[in-house]
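Student: Take this structure first; my questions come after.
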Amino acid sequence: MIDPWSSKILEYNEIMENFGIKPFKEILDKIEDPHWLMRRGIIFGHRDYERILTAINEGKDFAIVTGMMPSGRMHIGHKMIVDQLVWYDEHGAEIYIPIADMESYSARDIDFEESRELAIKEYISSYIALGLDLTQDNIHVYLQSENLLVEDLAYIFAKKVNFNELRAIYGFTGSTNMAHVYVPLIQAADILHPQLEEYGGPRPTLVPVGPDQDPHIRLTRDIASRLQKRYGFILPSSTYHRFMRGLTGGKMSSSKPATAIFLTDTPDEIEWKVKNAKTGGRETLEEQKRLGGVPEDCIVYEILLYHMIGSDKELERVYRDCRNGTLMCGECKNNVADYMRRFFEKFSKKRKRAEKIAESILDRVHP
Ligand code: SF4
């Protein structure tokens, strides 16, 4: 059982075997211009991605749904989703971004007003500054608590699912509050509502997630098949990405500032954090020259792998030089800190400009 609200680090191969997730690398060469997260194996698994691929290749309609839960500050790990959305936007997707304020309320005890504020200030502004134009007609951002169509659909879904089933998937107990029990149904409705007639009818739908969110995908696919006759739902596809580790080597978490680079950190703070992150370096310079570093254990390298280098060649060069002991951690950290400083100097200006637009995004009316 996977608990989407826990903070355990998950074993990716085990999850793939236990839950029937297919390796993404098997379909990689069918994608004309794969995203760097796909090429580098960070997106490692999928269910039914072939449907999305066909839609992209044949220029047909498809939707992508990915929520944001406003429960804290947006960190660099969250950026990965926006990078994927930008790619899917360029490949013709209709994009749905539910803001999970109902989940924040039931699972994190954050009230609706606070969720709205957090969504605008932390998330929507950053999404825009990272290059996703949320004012486009093909992008729909909404608060769960204000989308009555989604809420009605969740109620219809509730008739098709019983408590024993939810308990088996999520481990709910007798003391779990009922709002929390209801949230997976709202999320299923978030994922499937783009296939309602009001939104253009059934079509391939993709949900890019971390593996911790797979319980929602499995439940939603079950609900979709139970209601296929009534709505003609196409089972949603999904992709699974690895999580970037925190700066100290464990899980990156919004509630532990030392583990994360926040998108609202100042360039000075970011530079300091990079220079103090865990590396895969050896105890002494002499040892590092002789044995080389271990980039697989290095968070500084992970920053480059996940976020900062568009060119695979340059990344390979850092990997090779680290491995063969010609690159030392001091120099490497300085380079990455410099790279990050320049990126965030530009990003924070863009973010400032995006704040005004962000405030109006939630007032837009969608069908
Ligand atoms: Fe990490 Fe760079 Fe040190 Fe290698 S040289 S362990 S990549 S900081």
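Each chain in the structure tokens gets a letter, A, B and so on, in the order shown; residues start at 1 in every chain, and ligands are counted from 1 in the order they appear.
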Would you list the contacts of stretch 296-298 of chain A as a ChimeraX atom specification, taking every protein, DNA or RNA residue within 10 Å and counting only C-alpha atoms, but skipping same-chain residues closer than 6 positions in sequence?
Tutor: /A:245,247-249,277-281,319,323,329
Student: Go ahead and write the selection's residues with C-alpha atoms as an mmCIF file, in the first residue's frame.
Tutor:
data_model
loop_
_atom_site.group_PDB
_atom_site.id
_atom_site.type_symbol
_atom_site.label_atom_id
_atom_site.label_comp_id
_atom_site.auth_asym_id
_atom_site.auth_seq_id
_atom_site.Cartn_x
_atom_site.Cartn_y
_atom_site.Cartn_z
ATOM 1 C CA ARG A 245 16.400 14.508 -3.056
ATOM 2 C CA LEU A 247 19.884 19.322 -0.084
ATOM 3 C CA THR A 248 20.857 17.303 2.974
ATOM 4 C CA GLY A 249 20.390 13.981 1.173
ATOM 5 C CA ALA A 277 24.525 20.931 -0.130
ATOM 6 C CA LYS A 278 25.603 17.312 0.331
ATOM 7 C CA THR A 279 28.046 16.129 -2.333
ATOM 8 C CA GLY A 280 29.435 12.793 -3.424
ATOM 9 C CA GLY A 281 33.002 14.045 -2.833
ATOM 10 C CA TYR A 319 29.709 13.335 -14.748
ATOM 11 C CA ARG A 323 34.125 10.268 -11.899
ATOM 12 C CA CYS A 329 33.796 19.614 -5.430
#
Student: For the interface of chain A with ligand 1 (cut-off 12 Å, counting only C-alpha atoms and all ligand atoms), please tabulate each contacting residue of chain A alongside its nearest pair of atoms and their separation in Å to one decimal, rows sorted by chain and increasing number, as CSV.
Tutor:
residue,atom,partner,partner_atom_place_in_ligand_line,distance
A:Leu247,CA,ligand 1,1 (Fe),11.9
A:Val274,CA,ligand 1,8 (S),9.5
A:Lys275,CA,ligand 1,8 (S),9.0
A:Asn276,CA,ligand 1,8 (S),10.2
A:Ala277,CA,ligand 1,8 (S),8.7
A:Lys278,CA,ligand 1,8 (S),8.1
A:Thr279,CA,ligand 1,1 (Fe),4.7
A:Gly280,CA,ligand 1,6 (S),3.7
A:Gly281,CA,ligand 1,6 (S),4.1
A:Arg282,CA,ligand 1,6 (S),7.7
A:Glu283,CA,ligand 1,6 (S),10.9
A:Thr284,CA,ligand 1,3 (Fe),11.5
A:Leu285,CA,ligand 1,3 (Fe),10.5
A:Gln288,CA,ligand 1,5 (S),8.6
A:Lys289,CA,ligand 1,5 (S),10.1
A:Leu291,CA,ligand 1,6 (S),11.2
A:Gly292,CA,ligand 1,4 (Fe),7.7
A:Gly293,CA,ligand 1,6 (S),4.5
A:Val294,CA,ligand 1,6 (S),5.2
A:Pro295,CA,ligand 1,7 (S),4.6
A:Glu296,CA,ligand 1,6 (S),8.1
A:Asp297,CA,ligand 1,6 (S),7.3
A:Cys298,CA,ligand 1,1 (Fe),4.7
A:Ile299,CA,ligand 1,1 (Fe),6.8
A:Val300,CA,ligand 1,1 (Fe),5.4
A:Tyr301,CA,ligand 1,7 (S),4.5
A:Glu302,CA,ligand 1,7 (S),8.2
A:Ile303,CA,ligand 1,7 (S),9.7
A:Leu304,CA,ligand 1,7 (S),8.9
A:Leu305,CA,ligand 1,7 (S),10.0
A:Leu315,CA,ligand 1,7 (S),9.7
A:Glu316,CA,ligand 1,7 (S),10.6
A:Arg317,CA,ligand 1,7 (S),10.2
A:Val318,CA,ligand 1,7 (S),6.5
A:Tyr319,CA,ligand 1,7 (S),6.4
A:Arg320,CA,ligand 1,4 (Fe),8.9
A:Asp321,CA,ligand 1,5 (S),7.5
A:Cys322,CA,ligand 1,4 (Fe),4.2
A:Arg323,CA,ligand 1,4 (Fe),6.9
A:Asn324,CA,ligand 1,4 (Fe),9.5
A:Gly325,CA,ligand 1,5 (S),7.8
A:Thr326,CA,ligand 1,5 (S),8.3
A:Leu327,CA,ligand 1,5 (S),5.1
A:Met328,CA,ligand 1,5 (S),4.7
A:Cys329,CA,ligand 1,3 (Fe),3.5
A:Gly330,CA,ligand 1,8 (S),7.0
A:Glu331,CA,ligand 1,5 (S),7.5
A:Cys332,CA,ligand 1,2 (Fe),4.5
A:Lys333,CA,ligand 1,8 (S),5.4
A:Asn334,CA,ligand 1,8 (S),9.0
A:Asn335,CA,ligand 1,2 (Fe),9.1
A:Val336,CA,ligand 1,2 (Fe),8.6
A:Ala337,CA,ligand 1,8 (S),10.6
Student: Contacts of A:Asp33 at 12 Å or less, counting only C-alpha atoms, minus same-chain residues fewer than 5 places along, as number ranges by chain?
Tutor: A: 28, 38-39, 53, 56-57, 87-88, 90-91
Student: Store the residues of this selection in a file with all heavy atoms, as a CSV table (one decimal), in the first residue's frame.
Tutor:
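See part32.csv below for the written result:
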chain,number,residue,atom,x,y,z
A,28,LEU,N,10.5,5.3,-25.2
A,28,LEU,CA,11.3,6.5,-25.4
A,28,LEU,C,11.6,6.8,-26.8
A,28,LEU,O,11.5,7.9,-27.3
A,28,LEU,CB,12.5,6.5,-24.5
A,28,LEU,CG,13.3,7.8,-24.4
A,28,LEU,CD1,12.5,8.9,-23.8
A,28,LEU,CD2,14.6,7.6,-23.6
A,38,MET,N,12.5,13.0,-19.7
A,38,MET,CA,12.3,11.6,-20.2
A,38,MET,C,13.6,11.0,-20.6
A,38,MET,O,13.9,9.9,-20.3
A,38,MET,CB,11.4,11.7,-21.5
A,38,MET,CG,10.0,12.3,-21.2
A,38,MET,SD,9.2,12.6,-22.8
A,38,MET,CE,7.6,13.2,-22.3
A,39,ARG,N,14.5,11.8,-21.3
A,39,ARG,CA,15.7,11.3,-21.8
A,39,ARG,C,16.6,10.8,-20.7
A,39,ARG,O,17.4,9.8,-20.8
A,39,ARG,CB,16.5,12.4,-22.6
A,39,ARG,CG,15.9,12.8,-23.8
A,39,ARG,CD,16.9,13.6,-24.7
A,39,ARG,NE,17.6,14.6,-24.0
A,39,ARG,CZ,17.3,15.9,-24.0
A,39,ARG,NH1,16.3,16.3,-24.7
A,39,ARG,NH2,18.1,16.8,-23.4
A,53,LEU,N,0.9,9.4,-26.9
A,53,LEU,CA,1.8,9.5,-28.0
A,53,LEU,C,1.1,9.5,-29.4
A,53,LEU,O,1.4,10.3,-30.3
A,53,LEU,CB,2.7,8.2,-28.0
A,53,LEU,CG,4.1,8.2,-28.6
A,53,LEU,CD1,4.8,9.5,-28.1
A,53,LEU,CD2,4.8,7.0,-28.2
A,56,ILE,N,-0.4,12.9,-29.8
A,56,ILE,CA,0.6,13.9,-30.2
A,56,ILE,C,1.0,13.7,-31.7
A,56,ILE,O,1.0,14.7,-32.4
A,56,ILE,CB,1.8,13.8,-29.3
A,56,ILE,CG1,1.5,14.2,-27.8
A,56,ILE,CG2,3.0,14.7,-29.8
A,56,ILE,CD1,2.6,14.1,-26.8
A,57,ASN,N,1.3,12.5,-32.0
A,57,ASN,CA,1.8,12.3,-33.4
A,57,ASN,C,0.8,12.5,-34.5
A,57,ASN,O,1.1,12.9,-35.6
A,57,ASN,CB,2.3,10.8,-33.5
A,57,ASN,CG,3.6,10.6,-32.7
A,57,ASN,OD1,4.3,11.6,-32.4
A,57,ASN,ND2,4.0,9.4,-32.4
A,87,TRP,N,6.3,21.6,-22.0
A,87,TRP,CA,6.5,20.7,-23.1
A,87,TRP,C,5.2,20.2,-23.7
A,87,TRP,O,5.0,20.2,-24.9
A,87,TRP,CB,7.3,19.5,-22.6
A,87,TRP,CG,7.9,18.6,-23.7
A,87,TRP,CD1,9.0,18.8,-24.4
A,87,TRP,CD2,7.2,17.4,-24.2
A,87,TRP,NE1,9.1,17.7,-25.3
A,87,TRP,CE2,8.1,16.9,-25.2
A,87,TRP,CE3,6.1,16.7,-23.9
A,87,TRP,CZ2,7.8,15.7,-25.9
A,87,TRP,CZ3,5.8,15.5,-24.6
A,87,TRP,CH2,6.6,15.0,-25.6
A,88,TYR,N,4.2,19.8,-22.9
A,88,TYR,CA,2.9,19.3,-23.4
A,88,TYR,C,2.1,20.5,-24.0
A,88,TYR,O,1.4,20.3,-25.0
A,88,TYR,CB,2.1,18.7,-22.3
A,88,TYR,CG,2.7,17.3,-22.0
A,88,TYR,CD1,3.3,17.0,-20.8
A,88,TYR,CD2,2.5,16.2,-22.9
A,88,TYR,CE1,3.8,15.7,-20.5
A,88,TYR,CE2,3.0,15.0,-22.7
A,88,TYR,CZ,3.7,14.7,-21.5
A,88,TYR,OH,4.2,13.5,-21.2
A,90,GLU,N,3.4,22.9,-25.7
A,90,GLU,CA,4.0,23.0,-27.1
A,90,GLU,C,3.6,21.8,-28.0
A,90,GLU,O,3.7,21.9,-29.2
A,90,GLU,CB,5.6,23.0,-27.0
A,90,GLU,CG,6.1,24.3,-26.4
A,90,GLU,CD,7.6,24.1,-25.9
A,90,GLU,OE1,8.2,23.0,-26.1
A,90,GLU,OE2,8.1,25.1,-25.4
A,91,HIS,N,3.1,20.7,-27.4
A,91,HIS,CA,2.7,19.6,-28.2
A,91,HIS,C,1.2,19.4,-28.3
A,91,HIS,O,0.7,18.3,-28.5
A,91,HIS,CB,3.3,18.3,-27.6
A,91,HIS,CG,4.8,18.2,-27.8
A,91,HIS,ND1,5.7,19.0,-27.1
A,91,HIS,CD2,5.6,17.5,-28.7
A,91,HIS,CE1,6.9,18.7,-27.6
A,91,HIS,NE2,6.9,17.8,-28.5
Student: Quick one, how far is atom CA of A:Lys229 from atom CA of A:Asp190?
Tutor: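 So the answer is 19.3 Å.
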Student: Any idea what's packed within 9 Å of stretch 202-214 of chain A, counting only C-alpha atoms, ignoring anything in its chain fewer than 3 positions away? Could you give it as a PyMOL selection string?
Tutor: chain A and resi 2-10+12+15-16+19+43+45-46+48-49+51-52+55+60-66+81+84+191-192+194-197+199+217-219+231-243
Student: For the selection you just gave me, I'd like the residues written to a file as a compact mmCIF listing (two decimals), in the first residue's frame, keeping N, CA and C atoms.
Tutor:
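As a result, selection_19.txt now contains:
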# COMPACT_ATOMS: atom_id res chain seq x y z
N ILE A 2 0.50 2.24 -0.82
CA ILE A 2 1.24 3.52 -0.82
C ILE A 2 0.32 4.57 -0.21
N ASP A 3 0.85 5.38 0.69
CA ASP A 3 0.04 6.44 1.29
C ASP A 3 0.45 7.77 0.66
N PRO A 4 -0.43 8.38 -0.16
CA PRO A 4 -0.04 9.63 -0.84
C PRO A 4 0.18 10.80 0.10
N TRP A 5 -0.25 10.67 1.35
CA TRP A 5 -0.08 11.80 2.28
C TRP A 5 1.08 11.58 3.24
N SER A 6 1.84 10.48 3.06
CA SER A 6 2.97 10.24 3.96
C SER A 6 4.23 10.83 3.33
N SER A 7 5.36 10.75 4.03
CA SER A 7 6.56 11.37 3.47
C SER A 7 7.66 10.34 3.25
N LYS A 8 7.29 9.09 3.06
CA LYS A 8 8.32 8.06 2.87
C LYS A 8 8.98 8.19 1.50
N ILE A 9 10.27 7.86 1.44
CA ILE A 9 10.92 7.80 0.14
C ILE A 9 10.62 6.41 -0.44
N LEU A 10 10.18 6.37 -1.68
CA LEU A 10 9.68 5.12 -2.23
C LEU A 10 10.72 4.41 -3.07
N TYR A 12 11.50 2.73 -6.29
CA TYR A 12 10.83 2.83 -7.58
C TYR A 12 10.62 1.46 -8.26
N ILE A 15 7.80 -0.52 -6.71
CA ILE A 15 6.47 0.02 -7.05
C ILE A 15 6.07 -0.43 -8.45
N MET A 16 7.04 -0.37 -9.38
CA MET A 16 6.71 -0.77 -10.76
C MET A 16 6.27 -2.22 -10.81
N PHE A 19 2.76 -2.75 -8.84
CA PHE A 19 1.54 -2.10 -9.32
C PHE A 19 1.41 -2.07 -10.84
N ILE A 43 11.68 10.64 -15.65
CA ILE A 43 10.35 10.06 -15.86
C ILE A 43 10.62 8.59 -16.18
N GLY A 45 8.40 5.70 -15.52
CA GLY A 45 7.34 4.71 -15.71
C GLY A 45 6.09 5.32 -16.31
N HIS A 46 5.19 4.45 -16.77
CA HIS A 46 3.93 4.96 -17.34
C HIS A 46 2.85 3.89 -17.33
N ASP A 48 -0.28 3.25 -20.05
CA ASP A 48 -0.99 3.62 -21.29
C ASP A 48 -0.52 4.93 -21.92
N TYR A 49 0.78 5.18 -21.89
CA TYR A 49 1.26 6.43 -22.51
C TYR A 49 1.11 6.37 -24.04
N ARG A 51 -1.38 5.94 -25.82
CA ARG A 51 -2.54 6.74 -26.27
C ARG A 51 -2.17 8.21 -26.44
N ILE A 52 -1.34 8.70 -25.54
CA ILE A 52 -0.96 10.12 -25.58
C ILE A 52 -0.02 10.35 -26.76
N ALA A 55 -1.93 10.52 -29.92
CA ALA A 55 -2.61 11.81 -30.04
C ALA A 55 -1.62 12.90 -30.46
N LYS A 60 -4.11 14.94 -32.61
CA LYS A 60 -5.47 14.83 -32.08
C LYS A 60 -5.55 15.43 -30.68
N ASP A 61 -6.81 15.66 -30.25
CA ASP A 61 -7.04 16.25 -28.92
C ASP A 61 -6.56 15.33 -27.80
N PHE A 62 -5.91 15.90 -26.82
CA PHE A 62 -5.67 15.15 -25.58
C PHE A 62 -5.58 16.17 -24.44
N ALA A 63 -5.82 15.65 -23.24
CA ALA A 63 -5.81 16.55 -22.08
C ALA A 63 -4.71 16.12 -21.12
N ILE A 64 -4.26 17.06 -20.34
CA ILE A 64 -3.31 16.74 -19.27
C ILE A 64 -3.84 17.40 -17.99
N VAL A 65 -3.85 16.63 -16.93
CA VAL A 65 -4.36 17.14 -15.65
C VAL A 65 -3.28 17.00 -14.60
N THR A 66 -2.96 18.08 -13.94
CA THR A 66 -2.00 17.99 -12.83
C THR A 66 -2.31 19.06 -11.80
N ILE A 81 7.20 19.60 -12.62
CA ILE A 81 5.85 19.47 -13.21
C ILE A 81 5.63 20.60 -14.22
N GLN A 84 7.36 19.98 -17.45
CA GLN A 84 6.62 19.02 -18.29
C GLN A 84 5.41 19.69 -18.95
N ILE A 191 -9.60 14.55 -12.58
CA ILE A 191 -8.92 13.87 -13.69
C ILE A 191 -9.88 13.56 -14.84
N LEU A 192 -11.11 13.19 -14.51
CA LEU A 192 -12.02 12.73 -15.57
C LEU A 192 -12.94 13.81 -16.13
N PRO A 194 -12.43 16.57 -17.69
CA PRO A 194 -12.18 17.08 -19.06
C PRO A 194 -12.79 16.19 -20.15
N GLN A 195 -13.23 14.98 -19.77
CA GLN A 195 -13.82 14.09 -20.78
C GLN A 195 -15.34 14.20 -20.84
N LEU A 196 -15.92 15.09 -20.02
CA LEU A 196 -17.38 15.29 -20.09
C LEU A 196 -17.74 16.03 -21.38
N GLU A 197 -18.97 15.86 -21.80
CA GLU A 197 -19.42 16.52 -23.05
C GLU A 197 -19.17 18.02 -23.00
N TYR A 199 -16.86 19.63 -21.91
CA TYR A 199 -15.46 19.98 -22.18
C TYR A 199 -14.94 19.36 -23.48
N ILE A 217 -4.40 7.31 -9.17
CA ILE A 217 -4.52 6.90 -10.58
C ILE A 217 -5.27 5.57 -10.66
N ARG A 218 -4.91 4.63 -9.78
CA ARG A 218 -5.57 3.31 -9.84
C ARG A 218 -7.06 3.45 -9.53
N LEU A 219 -7.37 4.24 -8.52
CA LEU A 219 -8.79 4.42 -8.17
C LEU A 219 -9.54 5.07 -9.34
N TYR A 231 -20.53 7.42 -19.49
CA TYR A 231 -19.80 8.62 -19.94
C TYR A 231 -18.85 8.37 -21.12
N GLY A 232 -18.58 7.11 -21.42
CA GLY A 232 -17.61 6.80 -22.50
C GLY A 232 -16.17 7.15 -22.12
N PHE A 233 -15.87 7.19 -20.83
CA PHE A 233 -14.52 7.59 -20.39
C PHE A 233 -13.43 6.72 -21.01
N ILE A 234 -12.35 7.34 -21.41
CA ILE A 234 -11.12 6.62 -21.78
C ILE A 234 -10.26 6.58 -20.51
N LEU A 235 -9.78 5.39 -20.15
CA LEU A 235 -8.99 5.28 -18.91
C LEU A 235 -7.80 6.26 -18.95
N PRO A 236 -7.62 7.03 -17.90
CA PRO A 236 -6.52 8.00 -17.93
C PRO A 236 -5.15 7.32 -17.96
N SER A 237 -4.23 7.92 -18.71
CA SER A 237 -2.84 7.47 -18.75
C SER A 237 -2.06 8.21 -17.66
N SER A 238 -0.90 7.69 -17.33
CA SER A 238 -0.09 8.39 -16.32
C SER A 238 1.40 8.20 -16.60
N THR A 239 2.19 9.16 -16.16
CA THR A 239 3.65 8.96 -16.14
C THR A 239 4.12 9.17 -14.70
N TYR A 240 5.26 8.59 -14.39
CA TYR A 240 5.80 8.62 -13.02
C TYR A 240 7.21 9.17 -13.04
N HIS A 241 7.46 10.17 -12.20
CA HIS A 241 8.82 10.73 -12.15
C HIS A 241 9.45 10.51 -10.78
N ARG A 242 10.77 10.39 -10.81
CA ARG A 242 11.52 10.31 -9.56
C ARG A 242 11.46 11.64 -8.85
N PHE A 243 11.74 11.62 -7.56
CA PHE A 243 11.82 12.88 -6.80
C PHE A 243 13.27 13.29 -6.63
Student: As a ChimeraX atom specification, list the residues of stretch 89-279 of chain A assigned to alpha helix (DSSP H) by DSSP on the backbone atoms of this structure.
Tutor: /A:89-90,101-108,112-118,125-129,148-158,163-170,178-192,214-226,228-231,267-275
Student: Which is closest to A:Phe347 among A:Asn162, A:Asn147, A:Ser255, A:Ser125, if we use only C-alpha atoms?
Tutor: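 Going through A:Asn162, A:Asn147, A:Ser255, A:Ser125 one by one, the smallest distance to A:Phe347 is for A:Ser125.
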Student: Excluding A:Asn138 and any residue of its chain fewer than 5 positions from it, enumerate the residues within 10 Å of it, using only C-alpha atoms, and give them as a list in words.
Tutor: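 Here the qualifying residues turn out to be Ala63, Asp89, Gly92, Ala93, Glu94, Ile95, Tyr96 and Asp133 of chain A.
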Student: Print the selection's residues with N, CA and C atoms to a file, as a compact mmCIF listing (two decimals), in the first residue's frame.
Tutor:
# COMPACT_ATOMS: atom_id res chain seq x y z
N ALA A 63 -5.82 15.65 -23.24
CA ALA A 63 -5.81 16.55 -22.08
C ALA A 63 -4.71 16.12 -21.12
N ASP A 89 2.29 21.67 -23.50
CA ASP A 89 1.62 22.83 -24.12
C ASP A 89 2.12 23.00 -25.56
N GLY A 92 0.48 20.52 -28.01
CA GLY A 92 -0.95 20.57 -28.33
C GLY A 92 -1.92 20.14 -27.24
N ALA A 93 -1.48 20.05 -25.98
CA ALA A 93 -2.40 19.58 -24.93
C ALA A 93 -3.39 20.66 -24.50
N GLU A 94 -4.56 20.21 -24.05
CA GLU A 94 -5.49 21.04 -23.29
C GLU A 94 -5.10 20.79 -21.83
N ILE A 95 -4.79 21.83 -21.08
CA ILE A 95 -4.19 21.62 -19.76
C ILE A 95 -5.16 22.03 -18.63
N TYR A 96 -5.32 21.15 -17.67
CA TYR A 96 -6.19 21.41 -16.51
C TYR A 96 -5.34 21.41 -15.25
N ASP A 133 2.23 30.00 -19.95
CA ASP A 133 1.32 31.14 -20.06
C ASP A 133 -0.10 30.72 -19.67
Student: Within 8 Å of stretch 350-361 of chain A, counting only C-alpha atoms, which residues show up once you throw out same-chain ones fewer than 3 positions away? Write them as a ChimeraX atom specification, please.
Tutor: /A:120-121,124-126,128-129,134-135,141,346-347,364
Student: Show me, as a PyMOL selection string, the residues that have an atom within 12 Å of stretch 176-185 of chain A when counting only C-alpha atoms, minus same-chain residues fewer than 5 positions from it.
Tutor: chain A and resi 3-5+100-109+144-145+150-167+169-171+190-193+213-224
Student: Enumerate, as a PyMOL selection string, the complete set of residues in stretch 43-256 of chain A that a backbone-based DSSP assignment places in strand (DSSP E).
Tutor: chain A and resi 43-47+63-65+94-99+139-143+205-209+237-241
